[in-house]
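Q: Got a structure for you, questions after.
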Number of protein chains: 2
Amino acid sequence: MKFGYFDDARQEYVITSPTTPLPWINYLGCENFFSLISNTCGGYSFYKDAKLLRLTRYRYNNIPTDTNGRYYYIKDGDTIWNPGWQPVQTELDSYSCRHGLGYSVFTSTKNELTAELTAFVPLNNNCEINRLTLKNTSNQAKDISLFSYIEFCLWNAVDDMTNFQRNFSIGEVEIEGSAIYHKTEYRERRNHYAVYAVNTAIDGYDTDRDSFLGAYRGVNRPIVVEQGKSTNSKASGWAPIGSHNINVTLQPGEEMSYVFVLGYLEIDEDNKWEAPGVINKAPAKEMLAKFETNEQVETALDELKEHWTTLLSKYTVETNDDKLTRMVNTWNQYQCMVTFNMSRSASYYESGTGRGMGFRDSCQDLLGFVHLIPDRARERIIDIASTQFEDGSAYHQYQPLTKKGNMDIGSGFNDDPLWLIAGVSAYIKETGDFGILEESVPFDNDESKAQPLMEHLRRSFNFTRTNLGPHGLPLIGRADWNDCLNLNCFSKTPGESFQTCSNFESGKAESVFIAGMFVRYGKEYAELCKRTGNQAEAELVLAAVDKMYDAVLENGWDGEWFLRAYDAFSEKIGSKECEDGQIFIEPQGFCVLAGIGVKEGLAEKALNSVKERLDTKYGVMLLQPAYKDYHLNLGEVSSYPPGYKENAGIFCHNNPWVSIAETVIGRGDRAFEIYKKTCPAYVEDISEIHRTEPYVYSQMVAGADAPRHGEAKNSWLTGTAAWTFVNVSQYIIGIRPEFDGLVVDPCIPSDMPGFKATRIFRDATYNITVENPNGAQKGVAKLVVDGQEMSGNIIPFVDGKKEYNVTITLG
Amino acid sequence: MKFGYFDDARQEYVITSPTTPLPWINYLGCENFFSLISNTCGGYSFYKDAKLLRLTRYRYNNIPTDTNGRYYYIKDGDTIWNPGWQPVQTELDSYSCRHGLGYSVFTSTKNELTAELTAFVPLNNNCEINRLTLKNTSNQAKDISLFSYIEFCLWNAVDDMTNFQRNFSIGEVEIEGSAIYHKTEYRERRNHYAVYAVNTAIDGYDTDRDSFLGAYRGVNRPIVVEQGKSTNSKASGWAPIGSHNINVTLQPGEEMSYVFVLGYLEIDEDNKWEAPGVINKAPAKEMLAKFETNEQVETALDELKEHWTTLLSKYTVETNDDKLTRMVNTWNQYQCMVTFNMSRSASYYESGTGRGMGFRDSCQDLLGFVHLIPDRARERIIDIASTQFEDGSAYHQYQPLTKKGNMDIGSGFNDDPLWLIAGVSAYIKETGDFGILEESVPFDNDESKAQPLMEHLRRSFNFTRTNLGPHGLPLIGRADWNDCLNLNCFSKTPGESFQTCSNFESGKAESVFIAGMFVRYGKEYAELCKRTGNQAEAELVLAAVDKMYDAVLENGWDGEWFLRAYDAFSEKIGSKECEDGQIFIEPQGFCVLAGIGVKEGLAEKALNSVKERLDTKYGVMLLQPAYKDYHLNLGEVSSYPPGYKENAGIFCHNNPWVSIAETVIGRGDRAFEIYKKTCPAYVEDISEIHRTEPYVYSQMVAGADAPRHGEAKNSWLTGTAAWTFVNVSQYIIGIRPEFDGLVVDPCIPSDMPGFKATRIFRDATYNITVENPNGAQKGVAKLVVDGQEMSGNIIPFVDGKKEYNVTITLG
């Protein structure tokens, strides 16, 4: 069952029913000011940091679901309704919500009145624009009372929801003309305020929530709206809100537009006040002046659309599969940009109050956006590397505002260092910018300890190389990519963090997954050594890689698949010898994509075992059989009910590893089959089962053991976005940046007749046509570049050349 | 305007309208299991710790206000209603909520159906009982569908409201018969679960919130109730709830009772499971068997009432002022017991997720409950003293479960040590138990550092004595009793804690308030020294006290009142020389109640200044004039909008100090006037202004500078409870425990003709009659004990004597 459709021409998803199975959201903003907006106008806004500088209040896990947002109440006679249906939930005569790239448009009608609400965050401005157009389509004049509503958050979102003995006394506002200023704590140490204004004279306002709503009432029936008259309340403590009232008479056919702006302003310490107790409003007025007219708003919206069009033009395809095309050209890349902006902070599942930037997360996210914004990827790499410790290990997280490592979580996730190599290598392949390796980068943010980035990579590699266990495999530390495989944790205390406690540091527990990473990224690091003239280091590295390869074959192979790990007692995990958890997905995907066991035929065996034992119609499960009980020696992975999360859920992030692995051994049909299972566009038809947005990936889909098999959770902020894009763009479509140029090496289903692609790579445009006359799955039979046939599958990069026309024939 | 009335005979407050200005709540439970319950059945339950072991989910600062609780939906034909009005809000034909001592009773009628819901936590059991009786008062049979509802919290209340990417996948339940078991995380490290059951066969159940409510619906209109049929849903992740459905036909005049039990069970690690994946339910069944019948419930309720009657019989009065009588006999003492149970953790303003037990708070709370539960007060003293540091300073807070000091907050609140003397002295005066001073008590919870409690007191005193500033007054440290007077903080960073940051440790800032404490409690400590045979120490102490007394007169007097403090630059705070904050309440109250300036006539001057400059009709403000701007050198006190909280609010806690001070100089009229201004029973008539419960004190009432002058906030958990009870019971009524026996020294308004009191003191009953034939305010003209006239105002304690009949004549 569908709740909308893709409008590919406009790069929008059009939701046609407000009662989607879960709120389906969009992100507004791409620089510093961000908003989450659901298909019923729910959500909230923040400046830079969703915890510390939150402008509006949102209530997670509330009932009714998804309450609070920017709401516009239209009172037309006795009927009160909202363009987004919520919160009044009046049945609409028509409804649509179009989520586009950085904007959302709600178009609804009720009783021959049409409302169109366009919401976006303009480029280069710290505000959200809500343009509301009302049109009377009846043949009689209509007297309309319009009421706006937002609820201000008292800036720190955690304090806001816990510290009421203080918060109920500090709320302050000012009202001037049609602008409502939220200035709580501005009197003391804050140098910022919010403004919520509209570009017309108003008939009244409310800034005190209880005055607006009335006692014991919800946003679904504010007393002020019911009575059709604002109370001009001035908040003093309790809960400050912003609400404007505009009364208008619309003649038949007449329409009116109003521009509401919610903005964030920072003021110089020396210019905070324009009079005693009166805030300096000049910067706010300057911002509002930019969005006074419809034309200004249109221009800003056009600029935003142009921004996205340009951005996403870096990689486009034309295929015979609309779902594939729209995911590659639009939605997967869009989601990658959102993970760049948000990391794991603010979604409808991440409350915006907790996790910092993950070291591992950020390196992997980068794989998905480096081609879009290489300059910002470069900055991100420097930020990440700056938090690395001198021994090559890494803080697991760092704070986005200070960019310093987070001591609370600390270090000890032994896959972290190698992801830095992955990110840097991807960046250099994309840009050819070897200069980054010479950048001086601090350790632990201490400039006195700065070293060239290349030295950081050396220490990353060496950290793993020198932290091996009894089987010559890398020690896992607190955990590897699978945060929930906590082999030194042994936690018996309810609620204790599995990831930070370590009650039995065995010095023994090993990860086959990290071994796979070591082989893969060790080779990339060796290549960087070679290309920067350090042949000796390259040879040392490759020798260590070879040794690890052998260790995996010797101690990491279980007969039909790769083992997952050895526990603190050197017992096998992910082995046929285990009662539960006999096979895990991660080492199968990553060892094969690292090339391990390919020539020995083990890769194929492992991937066949995945298909046989882990596959479901909704994706590939993380492990099987699910753990029935809690295992002290395994930690969080065994804490979940069977079928959820890491305990045999379909954890989408690792599905593309298996798909890539399939391309490594040339099985394009299977690679594409795996790709499609978790790809949102392909499950749009079963939205009633899948439930999350059909245009973005979720972290997890419930596995076969779960009562809700096929149900997705935690959409948007997941490494799945980056890895699925790497998979589909570089391995299935097969257009992959390498140091020497662009490789074109598709691995597609045999029934795909070919495709066209346009790739902007190092400022040159590659127009690529792939033909598949013989139903091949892989293998470039013929490569023609600008009319000239070449051998192999790499298009050598020629400095200064701006266009490449490429034709590939598979076979 | 009133929203109810006091039923003094039943010791209940009867609320007659569900739409009180704010939720008016009650506390159920007095041992380990606690519930908050509002007058519309909102609230939540927890076991021991409101953060870590919360049974049901509550949403603070939600809209509509006060959502979630134990709700019972009655579907009678097309009408759906709740006995507590919320959440459906159907207009009721009649409604009352009786908040009694440890129980609440809701009685409502709609369409000739009466519902009576009785909620309480029985003694010695970890559960809340909800007995619901339905009676058909019509002359036709009624087919009723009854639905219960609670929403489970996933135990850790902080994690529950932030960590959705995990929480949405872990919810688990079992259903057996009429019992719903909430067992989230029991599969892993928890050894406890919750049960929600009813003592009858059920017609259906729901345990999945969304199935019960329906998409996008709130608790105000669950789809299941609307449709009259449970879906027998089994929660799997998302939000587990408990809902039973009972269908019953009531004949005219017929009534039925149902007993719902929400219980908490802990299970031995070895007996967690009765079968694979099936929790051991035996302990739950054992608990439920105790509340199977109406008779069992009645008995348990009677036991609870008896418990409270006995407890509160320790201090009762008969006066000609009903408001005074009911506050003394019932509500003030009841609130003191709640502060004992809750400290500052869980109210409708304290979210139950933050603060631990305060060192200072707990010592002061003890002053209000030591006469009720001296044994538990003794334990509490040992707990508190165990967190003290060896140098006499103290952790500002400690954790209630571990009883260890809280490192996050740390130390440095320089009034803390002296409060320990206050608490211990009050305990010994009440009990005569000097043995406590010999108890071996650790420092910083380290048993190897244990010393007798008396040594702790010595170090408390010496810490203050040896930490003096340039004027010979005590250094304030981070802050004194006024947490918001942060004289070494100098915070410029938004959101930074004023209480834990210290950017400029001046070593200079001094507190006149602590000087007052030093004089008062120094004298008490000296008395303890004398009585334990250490005359030399007593003399040293008294010499130091005298010196401090002189220092206050010399450097702490501003001409018409006491100064408040010296800042980090030795500039005066609370002086006529200041622009704002010229006079503060705390030193006026505490210095005078310590006896400073009484003989010099300064006490009277100071208190006259209080009246002239700080008084309002709603109480005495903390300071005047309010700080208009933020002062870096003052900290949080200047961060609040004028009139709120410490910035010129009526901070109720310190009002009794001034009232006591008035009794010290014999002005009974004024003492009583001050007492009445903040006393809830006296402002019942203006509940629409006061807004919080008219039966308990609030922390703060908005001062004259605030737009909402007279509005109270933060009811229930405030040191106000203890201090107002000390004031009214020991200084106004004037029955005060001293080391040698009970002192009777009333200081009453001249128009009070006298009163009777019964006081149980050290196991003896004192029947006291006070006569005031000449309209005196203070002074015992005649004391007759058991027919024998005695001099002075002290009734010497005679060991073994069980009854004293005392008559006092004032004059």
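Chains: A, B, ... in order of the structure tokens. Residues: from 1 per chain. Ligands: from 1, in order shown.
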Please build the interface table for chain A against chain B with a cut-off of 7 Å, listing for each qualifying residue the nearest atom pair and the distance in Å to one decimal; count only C-alpha atoms, order rows by chain and increasing number, and write it as a tab-separated table.

A:
```
residue	atom	partner	partner_atom	distance
A:Ile63	CA	B:Gly218	CA	5.0
A:Pro64	CA	B:Gly218	CA	4.3
A:Thr65	CA	B:Tyr216	CA	5.5
A:Thr162	CA	B:Ser351	CA	5.7
A:Phe164	CA	B:Tyr349	CA	5.3
A:Gln165	CA	B:Tyr349	CA	5.5
A:Ser169	CA	B:Tyr644	CA	6.1
A:Ile170	CA	B:Tyr640	CA	6.0
A:Arg187	CA	B:Tyr630	CA	6.4
A:Glu188	CA	B:Tyr630	CA	5.0
A:Arg189	CA	B:Pro494	CA	4.9
A:Arg190	CA	B:Pro494	CA	5.2
A:Tyr216	CA	B:Pro64	CA	5.0
A:Arg217	CA	B:Pro64	CA	4.8
A:Gly218	CA	B:Pro64	CA	4.3
A:Ser236	CA	B:Pro707	CA	6.9
A:Tyr349	CA	B:Phe164	CA	5.3
A:Glu350	CA	B:Gln165	CA	6.4
A:Ser351	CA	B:Thr162	CA	5.7
A:Lys492	CA	B:Arg189	CA	5.5
A:Thr493	CA	B:Arg189	CA	6.0
A:Pro494	CA	B:Arg189	CA	4.9
A:Asp629	CA	B:Arg187	CA	6.6
A:Tyr630	CA	B:Glu188	CA	5.0
A:Ser639	CA	B:Glu188	CA	5.4
A:Tyr640	CA	B:Ile170	CA	6.0
A:Pro641	CA	B:Ile170	CA	6.3
A:Tyr644	CA	B:Ser169	CA	6.1
A:Pro707	CA	B:Ser236	CA	6.9
A:Asn714	CA	B:Gln165	CA	6.0
```

Q: Residues within 9 Å of B:His396, please, as a list in words. Count only C-alpha atoms; anything in the same chain fewer than 2 positions from it doesn't count.

A: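 Result of the neighbour search: Met357, Gly358, Phe359, Arg360, Ala394, Tyr398, Gly405, Asn406, Ile409, Gly410, Ser411, Gly412, Phe413 and Asp416 of chain B.
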
Q: Would you save the residues of that selection, restricted to all heavy atoms, as a tab-separated table (two decimals), in the first residue's frame?

A:
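The resulting again01.tsv:
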```tsv
chain	number	residue	atom	x	y	z
B	357	MET	N	19.91	13.66	46.60
B	357	MET	CA	19.54	14.21	47.90
B	357	MET	C	20.49	15.35	48.20
B	357	MET	O	21.70	15.18	48.12
B	357	MET	CB	19.71	13.15	49.00
B	357	MET	CG	19.06	11.82	48.71
B	357	MET	SD	17.31	11.81	49.10
B	357	MET	CE	17.36	11.88	50.89
B	358	GLY	N	19.96	16.50	48.55
B	358	GLY	CA	20.82	17.61	48.92
B	358	GLY	C	21.30	17.46	50.36
B	358	GLY	O	20.55	17.02	51.23
B	359	PHE	N	22.54	17.80	50.60
B	359	PHE	CA	23.09	17.77	51.96
B	359	PHE	C	22.32	18.77	52.82
B	359	PHE	O	21.78	18.45	53.88
B	359	PHE	CB	24.57	18.13	51.88
B	359	PHE	CG	25.34	17.90	53.16
B	359	PHE	CD1	26.11	16.75	53.32
B	359	PHE	CD2	25.32	18.83	54.19
B	359	PHE	CE1	26.83	16.54	54.49
B	359	PHE	CE2	26.03	18.63	55.36
B	359	PHE	CZ	26.80	17.49	55.52
B	360	ARG	N	22.28	19.96	52.33
B	360	ARG	CA	21.58	21.05	53.03
B	360	ARG	C	20.08	20.81	53.09
B	360	ARG	O	19.45	20.98	54.14
B	360	ARG	CB	21.88	22.35	52.28
B	360	ARG	CG	20.95	23.47	52.48
B	360	ARG	CD	20.93	24.36	51.24
B	360	ARG	NE	22.23	24.94	50.96
B	360	ARG	CZ	22.61	25.36	49.76
B	360	ARG	NH1	21.78	25.24	48.71
B	360	ARG	NH2	23.80	25.88	49.57
B	394	ALA	N	31.48	19.37	52.56
B	394	ALA	CA	30.52	18.32	52.23
B	394	ALA	C	30.23	18.28	50.75
B	394	ALA	O	30.25	19.32	50.08
B	394	ALA	CB	29.22	18.57	52.99
B	398	TYR	N	24.01	13.86	47.41
B	398	TYR	CA	24.39	12.44	47.35
B	398	TYR	C	23.27	11.65	46.68
B	398	TYR	O	22.13	12.09	46.61
B	398	TYR	CB	24.77	11.90	48.72
B	398	TYR	CG	23.64	11.77	49.73
B	398	TYR	CD1	23.02	10.54	49.95
B	398	TYR	CD2	23.20	12.86	50.47
B	398	TYR	CE1	22.01	10.41	50.88
B	398	TYR	CE2	22.19	12.74	51.40
B	398	TYR	CZ	21.58	11.51	51.60
B	398	TYR	OH	20.58	11.38	52.52
B	405	GLY	N	28.39	10.43	47.73
B	405	GLY	CA	28.44	11.82	47.30
B	405	GLY	C	28.49	11.93	45.78
B	405	GLY	O	29.03	11.04	45.10
B	406	ASN	N	27.93	13.00	45.27
B	406	ASN	CA	27.83	13.22	43.84
B	406	ASN	C	29.00	14.10	43.37
B	406	ASN	O	29.04	15.30	43.61
B	406	ASN	CB	26.49	13.91	43.56
B	406	ASN	CG	26.30	14.25	42.11
B	406	ASN	OD1	27.22	14.12	41.29
B	406	ASN	ND2	25.11	14.69	41.77
B	409	ILE	N	28.55	17.45	41.09
B	409	ILE	CA	28.28	18.73	41.73
B	409	ILE	C	29.44	19.09	42.66
B	409	ILE	O	29.85	20.24	42.74
B	409	ILE	CB	26.97	18.68	42.55
B	409	ILE	CG1	25.82	18.16	41.72
B	409	ILE	CG2	26.65	20.04	43.16
B	409	ILE	CD1	25.34	19.09	40.64
B	410	GLY	N	29.94	18.11	43.35
B	410	GLY	CA	31.08	18.33	44.21
B	410	GLY	C	30.74	19.10	45.47
B	410	GLY	O	29.61	19.01	45.99
B	411	SER	N	31.67	19.88	45.92
B	411	SER	CA	31.60	20.52	47.22
B	411	SER	C	31.61	22.04	47.04
B	411	SER	O	31.40	22.54	45.96
B	411	SER	CB	32.80	20.05	48.03
B	411	SER	OG	32.82	20.68	49.28
B	412	GLY	N	31.83	22.76	48.14
B	412	GLY	CA	32.08	24.20	48.04
B	412	GLY	C	30.89	25.07	48.37
B	412	GLY	O	30.95	26.29	48.17
B	413	PHE	N	29.78	24.49	48.84
B	413	PHE	CA	28.66	25.31	49.31
B	413	PHE	C	28.87	25.46	50.81
B	413	PHE	O	28.61	24.54	51.59
B	413	PHE	CB	27.33	24.65	48.96
B	413	PHE	CG	27.12	24.55	47.48
B	413	PHE	CD1	27.72	23.53	46.73
B	413	PHE	CD2	26.37	25.49	46.80
B	413	PHE	CE1	27.56	23.46	45.36
B	413	PHE	CE2	26.19	25.42	45.42
B	413	PHE	CZ	26.79	24.40	44.69
B	416	ASP	N	26.76	24.29	53.92
B	416	ASP	CA	26.41	22.88	54.11
B	416	ASP	C	26.85	22.32	55.47
B	416	ASP	O	26.04	21.73	56.19
B	416	ASP	CB	26.99	22.01	52.97
B	416	ASP	CG	26.08	21.98	51.74
B	416	ASP	OD1	24.85	22.15	51.89
B	416	ASP	OD2	26.59	21.78	50.63
```

Q: Within 6 Å of stretch 226-230 of chain B, counting only C-alpha atoms, which residues show up once you throw out same-chain ones fewer than 3 positions away? Write them as a compact mmCIF listing (two decimals) with N, CA, C and O atoms, in the first residue's frame, please.

A:
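Result went into result-v4.txt, see below:
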```
# COMPACT_ATOMS: atom_id res chain seq x y z
N GLY B 204 -10.84 -8.73 27.14
CA GLY B 204 -9.84 -8.39 26.14
C GLY B 204 -8.77 -7.54 26.77
O GLY B 204 -8.88 -7.13 27.93
N TYR B 205 -7.74 -7.32 26.01
CA TYR B 205 -6.63 -6.51 26.53
C TYR B 205 -5.92 -5.86 25.37
O TYR B 205 -6.08 -6.27 24.21
N ILE B 223 -9.04 4.55 19.94
CA ILE B 223 -9.90 3.88 18.96
C ILE B 223 -10.57 2.65 19.57
O ILE B 223 -11.73 2.35 19.30
```

Q: Suppose you want the space between atom CA of B:Gly69 and atom CA of B:Asp208; what is it in Å?

A: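 For atom CA of B:Gly69 relative to atom CA of B:Asp208, the distance reads 16.3 Å.
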
Q: Residues of stretch 464-658 of chain A classed as alpha helix (DSSP H) by DSSP on the backbone are to be reported as a PDB file with C-alpha atoms, in the first residue's frame.

A:
```
ATOM      1  CA  THR A 464      45.673  -2.225  14.321  1.00  0.00           C
ATOM      2  CA  ARG A 465      48.853  -4.002  13.254  1.00  0.00           C
ATOM      3  CA  VAL A 512      37.468 -11.029  11.878  1.00  0.00           C
ATOM      4  CA  PHE A 513      35.603  -7.985  10.611  1.00  0.00           C
ATOM      5  CA  ILE A 514      38.475  -5.666  11.510  1.00  0.00           C
ATOM      6  CA  ALA A 515      40.783  -8.138   9.810  1.00  0.00           C
ATOM      7  CA  GLY A 516      38.778  -7.607   6.649  1.00  0.00           C
ATOM      8  CA  MET A 517      39.057  -3.844   7.047  1.00  0.00           C
ATOM      9  CA  PHE A 518      42.771  -4.192   7.647  1.00  0.00           C
ATOM     10  CA  VAL A 519      43.236  -6.016   4.375  1.00  0.00           C
ATOM     11  CA  ARG A 520      41.046  -3.633   2.431  1.00  0.00           C
ATOM     12  CA  TYR A 521      42.272  -0.342   3.840  1.00  0.00           C
ATOM     13  CA  GLY A 522      45.808  -1.585   4.396  1.00  0.00           C
ATOM     14  CA  LYS A 523      46.060  -2.013   0.641  1.00  0.00           C
ATOM     15  CA  GLU A 524      44.713   1.518   0.136  1.00  0.00           C
ATOM     16  CA  TYR A 525      47.197   2.886   2.639  1.00  0.00           C
ATOM     17  CA  ALA A 526      50.036   1.010   0.890  1.00  0.00           C
ATOM     18  CA  GLU A 527      48.957   2.568  -2.381  1.00  0.00           C
ATOM     19  CA  LEU A 528      49.093   6.023  -0.808  1.00  0.00           C
ATOM     20  CA  CYS A 529      52.599   5.218   0.453  1.00  0.00           C
ATOM     21  CA  LYS A 530      53.708   4.196  -3.004  1.00  0.00           C
ATOM     22  CA  ARG A 531      52.222   7.246  -4.643  1.00  0.00           C
ATOM     23  CA  GLN A 535      58.017   2.347  -1.224  1.00  0.00           C
ATOM     24  CA  ALA A 536      59.603   0.846   1.874  1.00  0.00           C
ATOM     25  CA  GLU A 537      56.573   1.592   4.020  1.00  0.00           C
ATOM     26  CA  ALA A 538      54.330   0.256   1.271  1.00  0.00           C
ATOM     27  CA  GLU A 539      56.145  -3.032   1.314  1.00  0.00           C
ATOM     28  CA  LEU A 540      56.006  -3.329   5.086  1.00  0.00           C
ATOM     29  CA  VAL A 541      52.312  -2.625   4.957  1.00  0.00           C
ATOM     30  CA  LEU A 542      51.603  -5.119   2.219  1.00  0.00           C
ATOM     31  CA  ALA A 543      53.555  -7.753   4.097  1.00  0.00           C
ATOM     32  CA  ALA A 544      51.372  -7.131   7.141  1.00  0.00           C
ATOM     33  CA  VAL A 545      48.286  -7.268   4.941  1.00  0.00           C
ATOM     34  CA  ASP A 546      49.371 -10.589   3.482  1.00  0.00           C
ATOM     35  CA  LYS A 547      49.934 -11.946   6.947  1.00  0.00           C
ATOM     36  CA  MET A 548      46.472 -10.858   7.998  1.00  0.00           C
ATOM     37  CA  TYR A 549      44.995 -12.413   4.868  1.00  0.00           C
ATOM     38  CA  ASP A 550      46.584 -15.691   5.866  1.00  0.00           C
ATOM     39  CA  ALA A 551      45.420 -15.343   9.448  1.00  0.00           C
ATOM     40  CA  VAL A 552      41.856 -14.916   8.257  1.00  0.00           C
ATOM     41  CA  LEU A 553      42.041 -17.980   6.077  1.00  0.00           C
ATOM     42  CA  GLU A 554      43.650 -19.975   8.850  1.00  0.00           C
ATOM     43  CA  ASN A 555      41.738 -18.800  11.896  1.00  0.00           C
ATOM     44  CA  ILE A 585      26.783 -10.843   8.003  1.00  0.00           C
ATOM     45  CA  GLU A 586      29.645  -8.404   8.557  1.00  0.00           C
ATOM     46  CA  PRO A 587      32.732 -10.574   7.904  1.00  0.00           C
ATOM     47  CA  GLN A 588      31.114 -12.185   4.858  1.00  0.00           C
ATOM     48  CA  GLY A 589      30.615  -8.793   3.258  1.00  0.00           C
ATOM     49  CA  PHE A 590      33.785  -7.106   4.323  1.00  0.00           C
ATOM     50  CA  CYS A 591      36.261  -9.933   3.893  1.00  0.00           C
ATOM     51  CA  VAL A 592      35.047 -10.552   0.370  1.00  0.00           C
ATOM     52  CA  LEU A 593      34.996  -6.889  -0.588  1.00  0.00           C
ATOM     53  CA  LEU A 602      35.782 -19.177  -0.180  1.00  0.00           C
ATOM     54  CA  ALA A 603      34.186 -15.869  -1.088  1.00  0.00           C
ATOM     55  CA  GLU A 604      31.547 -17.568  -3.151  1.00  0.00           C
ATOM     56  CA  LYS A 605      30.953 -20.108  -0.406  1.00  0.00           C
ATOM     57  CA  ALA A 606      30.552 -17.393   2.166  1.00  0.00           C
ATOM     58  CA  LEU A 607      28.114 -15.416   0.034  1.00  0.00           C
ATOM     59  CA  ASN A 608      26.126 -18.528  -0.722  1.00  0.00           C
ATOM     60  CA  SER A 609      25.871 -19.146   3.007  1.00  0.00           C
ATOM     61  CA  VAL A 610      24.595 -15.606   3.448  1.00  0.00           C
ATOM     62  CA  LYS A 611      21.910 -16.263   0.900  1.00  0.00           C
ATOM     63  CA  GLU A 612      20.974 -19.563   2.425  1.00  0.00           C
ATOM     64  CA  ARG A 613      20.996 -18.548   6.059  1.00  0.00           C
ATOM     65  CA  LEU A 614      20.537 -14.793   6.373  1.00  0.00           C
ATOM     66  CA  ASN A 655      23.612  -5.078   3.303  1.00  0.00           C
ATOM     67  CA  PRO A 656      25.560  -3.090   0.673  1.00  0.00           C
ATOM     68  CA  TRP A 657      28.782  -4.756   1.863  1.00  0.00           C
ATOM     69  CA  VAL A 658      27.312  -8.071   0.788  1.00  0.00           C
TER      70      VAL A 658
END
```
